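> The file below is upload06.cif, mmCIF, C-alpha atoms:
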data_input
loop_
_atom_site.group_PDB
_atom_site.id
_atom_site.type_symbol
_atom_site.label_atom_id
_atom_site.label_comp_id
_atom_site.auth_asym_id
_atom_site.auth_seq_id
_atom_site.Cartn_x
_atom_site.Cartn_y
_atom_site.Cartn_z
ATOM 1 C CA THR A 1 -5.695 -52.573 17.658
ATOM 2 C CA ASN A 2 -5.719 -50.634 14.405
ATOM 3 C CA SER A 3 -4.552 -47.031 14.135
ATOM 4 C CA GLN A 4 -7.953 -45.812 15.460
ATOM 5 C CA GLY A 5 -7.638 -47.911 18.631
ATOM 6 C CA ILE A 6 -10.220 -50.492 17.518
ATOM 7 C CA ILE A 7 -9.499 -53.952 18.878
ATOM 8 C CA THR A 8 -8.794 -56.403 16.033
ATOM 9 C CA ARG A 9 -7.476 -59.368 18.008
ATOM 10 C CA VAL A 10 -7.425 -60.350 21.682
ATOM 11 C CA ASN A 11 -6.148 -63.354 23.640
ATOM 12 C CA GLN A 12 -8.084 -65.471 26.111
ATOM 13 C CA THR A 13 -6.148 -64.052 29.076
ATOM 14 C CA ALA A 14 -7.508 -60.597 28.257
ATOM 15 C CA VAL A 15 -11.058 -61.948 27.951
ATOM 16 C CA THR A 16 -10.774 -63.565 31.394
ATOM 17 C CA MET A 17 -8.971 -60.636 33.035
ATOM 18 C CA PHE A 18 -11.607 -58.123 31.970
ATOM 19 C CA GLY A 19 -14.538 -60.423 32.785
ATOM 20 C CA TYR A 20 -15.929 -61.082 29.309
ATOM 21 C CA ASP A 21 -17.335 -64.346 27.987
ATOM 22 C CA GLU A 22 -16.070 -64.343 24.414
ATOM 23 C CA LYS A 23 -13.353 -62.664 22.377
ATOM 24 C CA GLU A 24 -16.130 -61.307 20.174
ATOM 25 C CA ASP A 25 -17.298 -59.189 23.133
ATOM 26 C CA LEU A 26 -14.136 -57.119 22.669
ATOM 27 C CA VAL A 27 -13.141 -57.415 19.018
ATOM 28 C CA GLY A 28 -14.493 -54.497 16.983
ATOM 29 C CA HIS A 29 -14.767 -52.217 20.027
ATOM 30 C CA SER A 30 -12.507 -49.342 21.055
ATOM 31 C CA ILE A 31 -9.652 -50.169 23.419
ATOM 32 C CA ALA A 32 -11.210 -47.478 25.628
ATOM 33 C CA LYS A 33 -13.788 -50.149 26.557
ATOM 34 C CA VAL A 34 -11.289 -51.691 28.974
ATOM 35 C CA ILE A 35 -9.813 -48.435 30.323
ATOM 36 C CA GLY A 36 -11.234 -46.986 33.534
ATOM 37 C CA GLY A 37 -10.609 -44.028 35.771
ATOM 38 C CA THR A 38 -9.707 -40.654 34.308
ATOM 39 C CA TYR A 39 -7.966 -42.351 31.399
ATOM 40 C CA GLY A 40 -11.152 -43.839 29.977
ATOM 41 C CA LYS A 41 -12.828 -40.714 28.594
ATOM 42 C CA PHE A 42 -9.610 -39.457 27.009
ATOM 43 C CA HIS A 43 -8.337 -42.709 25.572
ATOM 44 C CA GLU A 44 -10.640 -42.944 22.576
ATOM 45 C CA LYS A 45 -9.905 -39.326 21.707
ATOM 46 C CA MET A 46 -6.202 -40.149 21.595
ATOM 47 C CA PHE A 47 -6.812 -42.417 18.619
ATOM 48 C CA SER A 48 -9.520 -40.408 16.860
ATOM 49 C CA ALA A 49 -8.698 -39.490 13.275
ATOM 50 C CA SER A 50 -10.151 -35.990 13.644
ATOM 51 C CA ASP A 51 -7.973 -35.180 16.649
ATOM 52 C CA SER A 52 -5.203 -37.529 15.455
ATOM 53 C CA ALA A 53 -3.274 -37.171 18.725
ATOM 54 C CA VAL A 54 -1.527 -40.463 18.002
ATOM 55 C CA GLY A 55 -1.725 -40.441 14.238
ATOM 56 C CA SER A 56 0.098 -37.109 13.938
ATOM 57 C CA LEU A 57 3.106 -38.209 16.020
ATOM 58 C CA THR A 58 6.442 -38.556 14.290
ATOM 59 C CA GLU A 59 8.118 -41.966 14.323
ATOM 60 C CA ASP A 60 10.597 -40.917 17.041
ATOM 61 C CA LYS A 61 7.938 -39.382 19.303
ATOM 62 C CA LEU A 62 5.657 -42.336 18.780
ATOM 63 C CA GLN A 63 8.450 -44.713 19.710
ATOM 64 C CA GLY A 64 8.994 -42.670 22.875
ATOM 65 C CA VAL A 65 5.336 -43.205 23.772
ATOM 66 C CA MET A 66 5.627 -46.912 23.035
ATOM 67 C CA ASP A 67 8.710 -47.454 25.185
ATOM 68 C CA ARG A 68 7.072 -46.485 28.477
ATOM 69 C CA MET A 69 5.061 -48.751 30.757
ATOM 70 C CA ARG A 70 2.126 -47.011 32.415
ATOM 71 C CA ASP A 71 0.114 -47.784 35.534
ATOM 72 C CA VAL A 72 -3.537 -47.096 34.702
ATOM 73 C CA THR A 73 -6.958 -48.321 35.761
ATOM 74 C CA GLY A 74 -8.554 -51.203 33.902
ATOM 75 C CA LYS A 75 -12.325 -51.617 33.623
ATOM 76 C CA ARG A 76 -14.071 -54.989 33.641
ATOM 77 C CA GLN A 77 -17.339 -55.847 31.920
ATOM 78 C CA ASP A 78 -19.223 -55.256 35.194
ATOM 79 C CA ASP A 79 -17.656 -51.747 35.366
ATOM 80 C CA SER A 80 -15.496 -52.654 38.366
ATOM 81 C CA GLU A 81 -12.036 -51.155 38.117
ATOM 82 C CA PHE A 82 -8.634 -52.571 38.992
ATOM 83 C CA PRO A 83 -4.971 -51.492 38.642
ATOM 84 C CA VAL A 84 -3.135 -52.582 35.501
ATOM 85 C CA GLN A 85 0.193 -51.845 33.909
ATOM 86 C CA VAL A 86 0.005 -51.238 30.166
ATOM 87 C CA GLY A 87 2.751 -51.350 27.584
ATOM 88 C CA LEU A 88 2.364 -50.579 23.853
ATOM 89 C CA LYS A 89 4.280 -51.825 20.837
ATOM 90 C CA LEU A 90 4.013 -50.493 17.291
ATOM 91 C CA LEU A 91 3.539 -52.862 14.341
ATOM 92 C CA ASP A 92 3.700 -52.036 10.655
ATOM 93 C CA VAL A 93 1.313 -54.323 8.782
ATOM 94 C CA HIS A 94 1.491 -53.660 5.053
ATOM 95 C CA GLY A 95 2.097 -49.974 5.668
ATOM 96 C CA GLU A 96 -0.653 -49.617 8.232
ATOM 97 C CA ARG A 97 0.063 -48.793 11.850
ATOM 98 C CA MET A 98 -1.156 -51.387 14.340
ATOM 99 C CA TYR A 99 -0.683 -51.408 18.086
ATOM 100 C CA VAL A 100 -0.178 -54.310 20.504
ATOM 101 C CA ALA A 101 -1.197 -53.494 24.075
ATOM 102 C CA TYR A 102 0.105 -55.720 26.873
ATOM 103 C CA CYS A 103 -1.828 -55.531 30.172
ATOM 104 C CA HIS A 104 -0.575 -56.864 33.473
ATOM 105 C CA ASP A 105 -3.012 -57.125 36.384
ATOM 106 C CA LEU A 106 -1.460 -55.286 39.361
ATOM 107 C CA THR A 107 -4.173 -56.198 41.873
ATOM 108 C CA GLN A 108 -2.047 -58.711 43.788
ATOM 109 C CA TYR A 109 1.060 -56.547 43.487
ATOM 110 C CA LYS A 110 -0.766 -53.487 44.849
ATOM 111 C CA ALA A 111 -2.177 -55.595 47.689
ATOM 112 C CA GLN A 112 1.348 -56.746 48.561
ATOM 113 C CA LEU A 113 2.573 -53.144 48.483
ATOM 114 C CA THR A 114 -0.269 -52.126 50.776
ATOM 115 C CA LYS A 115 0.608 -54.925 53.197
ATOM 116 C CA ILE A 116 4.279 -53.932 53.137
ATOM 117 C CA GLN A 117 3.328 -50.302 53.781
ATOM 118 C CA GLU A 118 1.077 -51.374 56.645
ATOM 119 C CA ASN A 119 3.955 -53.388 58.138
ATOM 120 C CA VAL A 120 6.309 -50.418 57.750
ATOM 121 C CA THR A 121 3.742 -48.125 59.367
ATOM 122 C CA PHE A 122 3.255 -50.646 62.181
ATOM 123 C CA THR A 123 7.019 -50.928 62.726
ATOM 124 C CA GLU A 124 7.402 -47.146 62.689
ATOM 125 C CA GLY A 125 4.571 -46.917 65.200
ATOM 126 C CA ILE A 126 6.328 -49.336 67.556
ATOM 127 C CA LEU A 127 9.613 -47.439 67.250
ATOM 128 C CA ASN A 128 7.956 -44.083 67.837
ATOM 129 C CA ALA A 129 6.001 -45.414 70.832
ATOM 130 C CA SER A 130 9.285 -46.062 72.640
ATOM 131 C CA PHE A 131 10.309 -43.588 75.331
ATOM 132 C CA ASN A 132 13.927 -44.394 74.430
ATOM 133 C CA ALA A 133 15.775 -43.212 71.349
ATOM 134 C CA ALA A 134 15.920 -46.028 68.793
ATOM 135 C CA PHE A 135 18.226 -46.407 65.803
ATOM 136 C CA VAL A 136 18.240 -49.154 63.158
ATOM 137 C CA THR A 137 21.608 -49.557 61.425
ATOM 138 C CA ASN A 138 23.121 -51.930 58.903
ATOM 139 C CA ASP A 139 26.035 -54.211 59.810
ATOM 140 C CA LYS A 140 28.467 -51.311 59.256
ATOM 141 C CA GLY A 141 26.686 -49.060 61.755
ATOM 142 C CA ILE A 142 25.088 -46.817 59.125
ATOM 143 C CA ILE A 143 21.777 -45.379 60.352
ATOM 144 C CA GLN A 144 18.813 -46.513 58.254
ATOM 145 C CA ARG A 145 15.877 -45.688 60.500
ATOM 146 C CA ILE A 146 15.310 -43.616 63.633
ATOM 147 C CA ASN A 147 12.366 -42.809 65.862
ATOM 148 C CA ASP A 148 11.003 -39.426 66.929
ATOM 149 C CA THR A 149 12.518 -39.702 70.410
ATOM 150 C CA ALA A 150 16.012 -39.956 68.900
ATOM 151 C CA ILE A 151 15.440 -36.769 66.907
ATOM 152 C CA THR A 152 14.354 -34.900 70.038
ATOM 153 C CA MET A 153 17.037 -36.367 72.303
ATOM 154 C CA PHE A 154 19.972 -35.645 69.996
ATOM 155 C CA GLY A 155 18.639 -32.459 68.373
ATOM 156 C CA TYR A 156 19.073 -33.447 64.724
ATOM 157 C CA ASP A 157 16.705 -33.399 61.762
ATOM 158 C CA ARG A 158 15.898 -36.882 60.494
ATOM 159 C CA SER A 159 17.611 -36.190 57.154
ATOM 160 C CA ASP A 160 20.822 -35.217 58.980
ATOM 161 C CA MET A 161 21.089 -38.664 60.576
ATOM 162 C CA LEU A 162 19.911 -41.128 57.933
ATOM 163 C CA GLY A 163 22.829 -42.589 55.996
ATOM 164 C CA LYS A 164 25.384 -41.471 58.595
ATOM 165 C CA SER A 165 27.419 -43.558 61.040
ATOM 166 C CA ILE A 166 25.874 -44.184 64.457
ATOM 167 C CA SER A 167 29.167 -42.850 65.875
ATOM 168 C CA MET A 168 27.853 -39.321 65.217
ATOM 169 C CA ILE A 169 25.790 -39.558 68.412
ATOM 170 C CA ILE A 170 28.586 -41.006 70.567
ATOM 171 C CA GLY A 171 30.702 -38.645 72.663
ATOM 172 C CA GLY A 172 33.667 -38.985 74.983
ATOM 173 C CA PRO A 173 36.517 -41.452 74.382
ATOM 174 C CA HIS A 174 34.191 -44.044 72.813
ATOM 175 C CA ALA A 175 33.489 -41.913 69.730
ATOM 176 C CA LYS A 176 36.718 -42.517 67.803
ATOM 177 C CA TRP A 177 36.575 -46.269 68.423
ATOM 178 C CA HIS A 178 32.905 -46.821 67.723
ATOM 179 C CA ASP A 179 33.174 -47.567 63.981
ATOM 180 C CA LYS A 180 35.853 -50.148 64.782
ATOM 181 C CA TYR A 181 33.421 -51.964 67.095
ATOM 182 C CA PHE A 182 31.361 -52.958 64.059
ATOM 183 C CA GLU A 183 34.458 -54.207 62.243
ATOM 184 C CA LYS A 184 35.445 -56.196 65.324
ATOM 185 C CA ALA A 185 31.927 -57.630 65.668
ATOM 186 C CA SER A 186 32.062 -59.094 62.143
ATOM 187 C CA GLY A 187 34.994 -61.320 63.181
ATOM 188 C CA MET A 188 33.439 -62.578 66.416
ATOM 189 C CA SER A 189 32.134 -66.059 67.106
ATOM 190 C CA GLN A 190 28.387 -66.405 67.678
ATOM 191 C CA ASP A 191 28.858 -66.697 71.471
ATOM 192 C CA GLU A 192 31.135 -63.639 71.612
ATOM 193 C CA PHE A 193 28.695 -61.742 69.422
ATOM 194 C CA GLU A 194 25.694 -62.598 71.616
ATOM 195 C CA ASN A 195 27.688 -61.640 74.738
ATOM 196 C CA LEU A 196 28.470 -58.266 73.168
ATOM 197 C CA LEU A 197 24.805 -57.618 72.462
ATOM 198 C CA SER A 198 23.565 -58.746 75.875
ATOM 199 C CA ARG A 199 25.347 -55.979 77.816
ATOM 200 C CA MET A 200 24.000 -52.491 78.492
ATOM 201 C CA ARG A 201 26.681 -49.812 78.398
ATOM 202 C CA ASP A 202 26.874 -46.386 80.020
ATOM 203 C CA VAL A 203 28.530 -43.991 77.558
ATOM 204 C CA LEU A 204 28.347 -40.334 76.603
ATOM 205 C CA GLY A 205 25.889 -39.239 73.942
ATOM 206 C CA LYS A 206 26.605 -36.244 71.743
ATOM 207 C CA ARG A 207 23.935 -33.795 70.590
ATOM 208 C CA SER A 208 23.938 -31.841 67.341
ATOM 209 C CA ASP A 209 25.350 -28.793 69.173
ATOM 210 C CA GLY A 210 28.321 -30.833 70.415
ATOM 211 C CA SER A 211 27.174 -30.994 74.027
ATOM 212 C CA GLU A 212 27.527 -34.371 75.739
ATOM 213 C CA PHE A 213 25.252 -36.159 78.189
ATOM 214 C CA PRO A 214 25.135 -39.591 79.871
ATOM 215 C CA VAL A 215 23.219 -42.354 78.071
ATOM 216 C CA GLN A 216 22.786 -46.074 78.466
ATOM 217 C CA ILE A 217 22.938 -48.023 75.204
ATOM 218 C CA GLY A 218 21.714 -51.531 74.425
ATOM 219 C CA LEU A 219 22.071 -53.379 71.116
ATOM 220 C CA LYS A 220 19.947 -56.075 69.516
ATOM 221 C CA SER A 221 20.603 -57.894 66.254
ATOM 222 C CA LEU A 222 17.903 -57.992 63.601
ATOM 223 C CA TYR A 223 18.101 -60.227 60.538
ATOM 224 C CA VAL A 224 16.209 -59.312 57.375
ATOM 225 C CA GLY A 225 16.766 -62.268 55.080
ATOM 226 C CA ASP A 226 20.477 -63.011 55.374
ATOM 227 C CA LYS A 227 21.418 -59.397 56.152
ATOM 228 C CA CYS A 228 22.265 -58.404 59.705
ATOM 229 C CA HIS A 229 21.014 -55.120 61.119
ATOM 230 C CA PHE A 230 21.310 -53.655 64.600
ATOM 231 C CA VAL A 231 18.749 -51.867 66.729
ATOM 232 C CA ALA A 232 20.302 -49.499 69.270
ATOM 233 C CA PHE A 233 18.198 -48.228 72.166
ATOM 234 C CA CYS A 234 19.469 -45.153 74.047
ATOM 235 C CA HIS A 235 18.171 -44.096 77.444
ATOM 236 C CA ASP A 236 18.991 -40.586 78.666
ATOM 237 C CA LEU A 237 20.609 -40.899 82.107
ATOM 238 C CA THR A 238 20.795 -37.167 82.803
ATOM 239 C CA GLU A 239 18.055 -37.169 85.454
ATOM 240 C CA VAL A 240 19.252 -40.466 86.913
ATOM 241 C CA LYS A 241 22.772 -39.098 87.305
ATOM 242 C CA LYS A 242 21.398 -35.954 88.969
ATOM 243 C CA GLU A 243 19.435 -38.061 91.444
ATOM 244 C CA MET A 244 22.524 -40.160 92.154
ATOM 245 C CA MET A 245 24.547 -37.018 92.836
ATOM 246 C CA VAL A 246 21.875 -35.770 95.234
ATOM 247 C CA ALA A 247 21.777 -39.153 96.976
ATOM 248 C CA SER A 248 25.578 -39.194 97.181
ATOM 249 C CA SER A 249 25.609 -35.698 98.681
ATOM 250 C CA LEU A 250 23.043 -36.714 101.295
ATOM 251 C CA LEU A 251 25.033 -39.845 102.082
ATOM 252 C CA GLU A 252 28.274 -37.929 102.579
ATOM 253 C CA SER A 253 26.665 -35.104 104.576
ATOM 254 C CA SER A 254 25.335 -37.464 107.243
ATOM 255 C CA PHE A 255 26.992 -37.335 110.699
ATOM 256 C CA ASP A 256 26.135 -41.023 111.104
ATOM 257 C CA SER A 257 27.908 -43.981 109.544
ATOM 258 C CA THR A 258 25.842 -45.044 106.559
ATOM 259 C CA PHE A 259 26.075 -48.278 104.589
ATOM 260 C CA LEU A 260 24.116 -49.363 101.511
ATOM 261 C CA THR A 261 24.011 -53.103 100.825
ATOM 262 C CA ASN A 262 22.423 -55.372 98.274
ATOM 263 C CA SER A 263 19.965 -58.146 99.132
ATOM 264 C CA GLN A 264 22.859 -60.457 100.103
ATOM 265 C CA GLY A 265 24.229 -57.979 102.643
ATOM 266 C CA ILE A 266 27.180 -56.975 100.456
ATOM 267 C CA ILE A 267 28.193 -53.345 100.929
ATOM 268 C CA THR A 268 27.704 -51.341 97.734
ATOM 269 C CA ARG A 269 28.190 -47.804 99.059
ATOM 270 C CA VAL A 270 29.506 -46.263 102.233
ATOM 271 C CA ASN A 271 30.123 -42.726 103.456
ATOM 272 C CA GLN A 272 33.361 -41.284 104.769
ATOM 273 C CA THR A 273 31.997 -41.118 108.318
ATOM 274 C CA ALA A 274 31.703 -44.921 108.325
ATOM 275 C CA VAL A 275 35.233 -45.346 106.966
ATOM 276 C CA THR A 276 36.646 -43.147 109.730
ATOM 277 C CA MET A 277 34.472 -44.605 112.492
ATOM 278 C CA PHE A 278 35.506 -48.184 111.754
ATOM 279 C CA GLY A 279 39.156 -47.320 111.264
ATOM 280 C CA TYR A 280 39.587 -48.029 107.565
ATOM 281 C CA ASP A 281 41.663 -45.996 105.116
ATOM 282 C CA GLU A 282 39.513 -46.115 101.986
ATOM 283 C CA LYS A 283 35.901 -46.786 101.057
ATOM 284 C CA GLU A 284 37.219 -49.594 98.850
ATOM 285 C CA ASP A 285 38.249 -51.425 102.026
ATOM 286 C CA LEU A 286 34.553 -51.910 102.786
ATOM 287 C CA VAL A 287 32.725 -51.861 99.432
ATOM 288 C CA GLY A 288 32.246 -55.376 98.102
ATOM 289 C CA HIS A 289 32.494 -56.986 101.540
ATOM 290 C CA SER A 290 29.733 -58.336 103.753
ATOM 291 C CA ILE A 291 28.201 -55.941 106.269
ATOM 292 C CA ALA A 292 29.201 -58.574 108.842
ATOM 293 C CA LYS A 293 32.722 -57.182 108.498
ATOM 294 C CA VAL A 294 31.781 -54.293 110.787
ATOM 295 C CA ILE A 295 29.552 -56.254 113.207
ATOM 296 C CA GLY A 296 31.135 -57.643 116.343
ATOM 297 C CA GLY A 297 30.035 -59.773 119.288
ATOM 298 C CA THR A 298 27.728 -62.766 118.976
#
Can you turn what I pasted into structure tokens?

Amino acid sequence: TNSQGIITRVNQTAVTMFGYDEKEDLVGHSIAKVIGGTYGKFHEKMFSASDSAVGSLTEDKLQGVMDRMRDVTGKRQDDSEFPVQVGLKLLDVHGERMYVAYCHDLTQYKAQLTKIQENVTFTEGILNASFNAAFVTNDKGIIQRINDTAITMFGYDRSDMLGKSISMIIGGPHAKWHDKYFEKASGMSQDEFENLLSRMRDVLGKRSDGSEFPVQIGLKSLYVGDKCHFVAFCHDLTEVKKEMMVASSLLESSFDSTFLTNSQGIITRVNQTAVTMFGYDEKEDLVGHSIAKVIGGT
């Protein structure tokens, strides 16, 4: 364009992008013809000689304007609008200022961004739908994403956890070794690594106030490209442990011998009354053995 923003030359890509038939449909018109949105009505004024918003700029200030890429709205011949990125360059042609405007159609790029955002929103929705606390970490155990349940369970603000080691939520004796687990994992074979991930572990969780509580943790690997991430799911065992204590108290308070077995008849729990009645010294003498151990006769 010339110094008044009048288009003097245009390439075929611009003609096609803005939906015109011929270059002549654009040459001789203001560059504002292809600018939409809120920028359109102000763009012509920017170049007007009377207002001289551009013409009055010093060389340094003008260069500062030229050096920036801007996301604006383009306008096609049919008045439909679409996102474009515009960059300007200043030319000096025989002492006259000329401007070269480069326009890049962002339609596909914006659509990709929207799809990515939708995927992120979908992923966040899945994480937040979980009743368990969920953490996504990198291969060093640094927290990159957490769900709402984790915030509630551990009592932190989201900003207090992102970028920190997952060890911050681990209590008891495991805490000081937890960072080393990730170092150890990096040197494991694939089979050892998969075996590590396949096990659920009962550990102590640690809240923001320092209090500890029983949790069960499971890990899953997640590859994004060639980068390994981990997803840790934490289930609060507080209520489960309380119920187990109640059940244990009931078991021990019984005047009758009481045995709990699995589906194969292997004793898993026994009360002290049973130990005494059958003449054993310790519960361990019975636990892990078949219930047939205490059955006589035919």
> For this file, the PyMOL selection byres ((chain A and resi 96-98) around 9) selects which residues, as a short mmCIF file (atom, residue, chain, number, x, y, z; two decimals) with C-alpha atoms, in the coordinates of the input?

data_model
loop_
_atom_site.label_atom_id
_atom_site.label_comp_id
_atom_site.auth_asym_id
_atom_site.auth_seq_id
_atom_site.Cartn_x
_atom_site.Cartn_y
_atom_site.Cartn_z
CA THR A 1 -5.70 -52.57 17.66
CA ASN A 2 -5.72 -50.63 14.40
CA SER A 3 -4.55 -47.03 14.14
CA GLN A 4 -7.95 -45.81 15.46
CA GLY A 5 -7.64 -47.91 18.63
CA GLY A 55 -1.72 -40.44 14.24
CA LYS A 89 4.28 -51.82 20.84
CA LEU A 90 4.01 -50.49 17.29
CA LEU A 91 3.54 -52.86 14.34
CA ASP A 92 3.70 -52.04 10.66
CA VAL A 93 1.31 -54.32 8.78
CA HIS A 94 1.49 -53.66 5.05
CA GLY A 95 2.10 -49.97 5.67
CA TYR A 99 -0.68 -51.41 18.09
CA VAL A 100 -0.18 -54.31 20.50
#
> Expanded to explicit residues, what is the PyMOL selection byres ((chain A and resi 229-245) around 6) for this file, as a PyMOL selection string?
chain A and resi 132-139+214-223+228+246-248
> Excluding same-chain residues fewer than 4 positions from region 7-9 of chain A, what lies within 12 Å of it counting all atoms listed in the file, as a PyMOL selection string?
chain A and resi 1-3+14-15+22-34+44+47+98-101
> So what do you get for CA of Gln108 (chain A) versus CA of Met69 (chain A), distance-wise?
17.9 Å
> Mind giving me the straight-line distance from CA of Phe18 (chain A) to CA of Ile35 (chain A) in Å, one decimal?
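These atoms are spaced 10.0 Å apart.
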> For Lys164 (chain A), find every residue with an atom within 6 Å (counting all atoms listed in the file), except residues of its own chain fewer than 2 positions away, and show them as JSON, numbers by chain.
{"A": [142, 143, 161, 162]}
> Would you translate the PyMOL selection byres ((chain A and resi 211) around 12) into the concrete set of residues it matches in this file, as a VMD selection string?
chain A and resid 153 to 155 169 to 172 204 to 210 212 to 214
> What separation in Å, quoted to one decimal, exists between CA of Ser80 (chain A) and CA of Ile6 (chain A)?
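Between CA of Ser80 (chain A) and CA of Ile6 (chain A) the gap works out to 21.6 Å.
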> Can you tell me, as a ChimeraX atom specification, what residues are no more than 10 Å from Val275 (chain A) when counting all atoms listed in the file, ignoring any on the same chain fewer than 4 positions away?
/A:257-259,270-271,279-286
> Given only C-alpha atoms as the basis, pick out the residue of A:Ile267, A:Pro173, A:Gln272, A:Ile166 nearest to Val294 (chain A).
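Among the listed residues, A:Ile267 lies closest to Val294 (chain A).
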> In terms of the shortest atom-to-atom distance over all atoms listed in the file, which of A:Leu250, A:Met168, A:Cys103, A:Ile291 is closest to Gly265 (chain A)?
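Smallest distance to Gly265 (chain A) is found for A:Ile291.
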> Just the residues within 10 Å of region 109-113 of chain A, please, counting only C-alpha atoms, with nothing from its chain fewer than 3 positions along; format it as a list in words.
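In the requested format, the answer is Phe82, Pro83, Val84, Asp105, Leu106, Ile116, Gln117, Glu118 and Asn119 of chain A.
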> Just to be explicit: take each residue in the selection above, keep C-alpha atoms, and write the result as a tab-separated table (two decimals), keeping the file's coordinate frame.

chain	number	residue	atom	x	y	z
A	82	PHE	CA	-8.63	-52.57	38.99
A	83	PRO	CA	-4.97	-51.49	38.64
A	84	VAL	CA	-3.14	-52.58	35.50
A	105	ASP	CA	-3.01	-57.12	36.38
A	106	LEU	CA	-1.46	-55.29	39.36
A	116	ILE	CA	4.28	-53.93	53.14
A	117	GLN	CA	3.33	-50.30	53.78
A	118	GLU	CA	1.08	-51.37	56.64
A	119	ASN	CA	3.96	-53.39	58.14
> Can you tell me, as a VMD selection string, which residues sit within 8 Å of (24.4, -62.4, 103.2) in the file's frame, using all atoms listed in the file?
chain A and resid 263 to 266 290
> Rank A:Arg145, A:Ala175, A:Thr298, A:Asp157 by their smallest atom-to-atom distance to Val120 (chain A), using only C-alpha atoms, and report the top residue only.
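Looking at the shortest contact to Val120 (chain A), the residue is A:Arg145.
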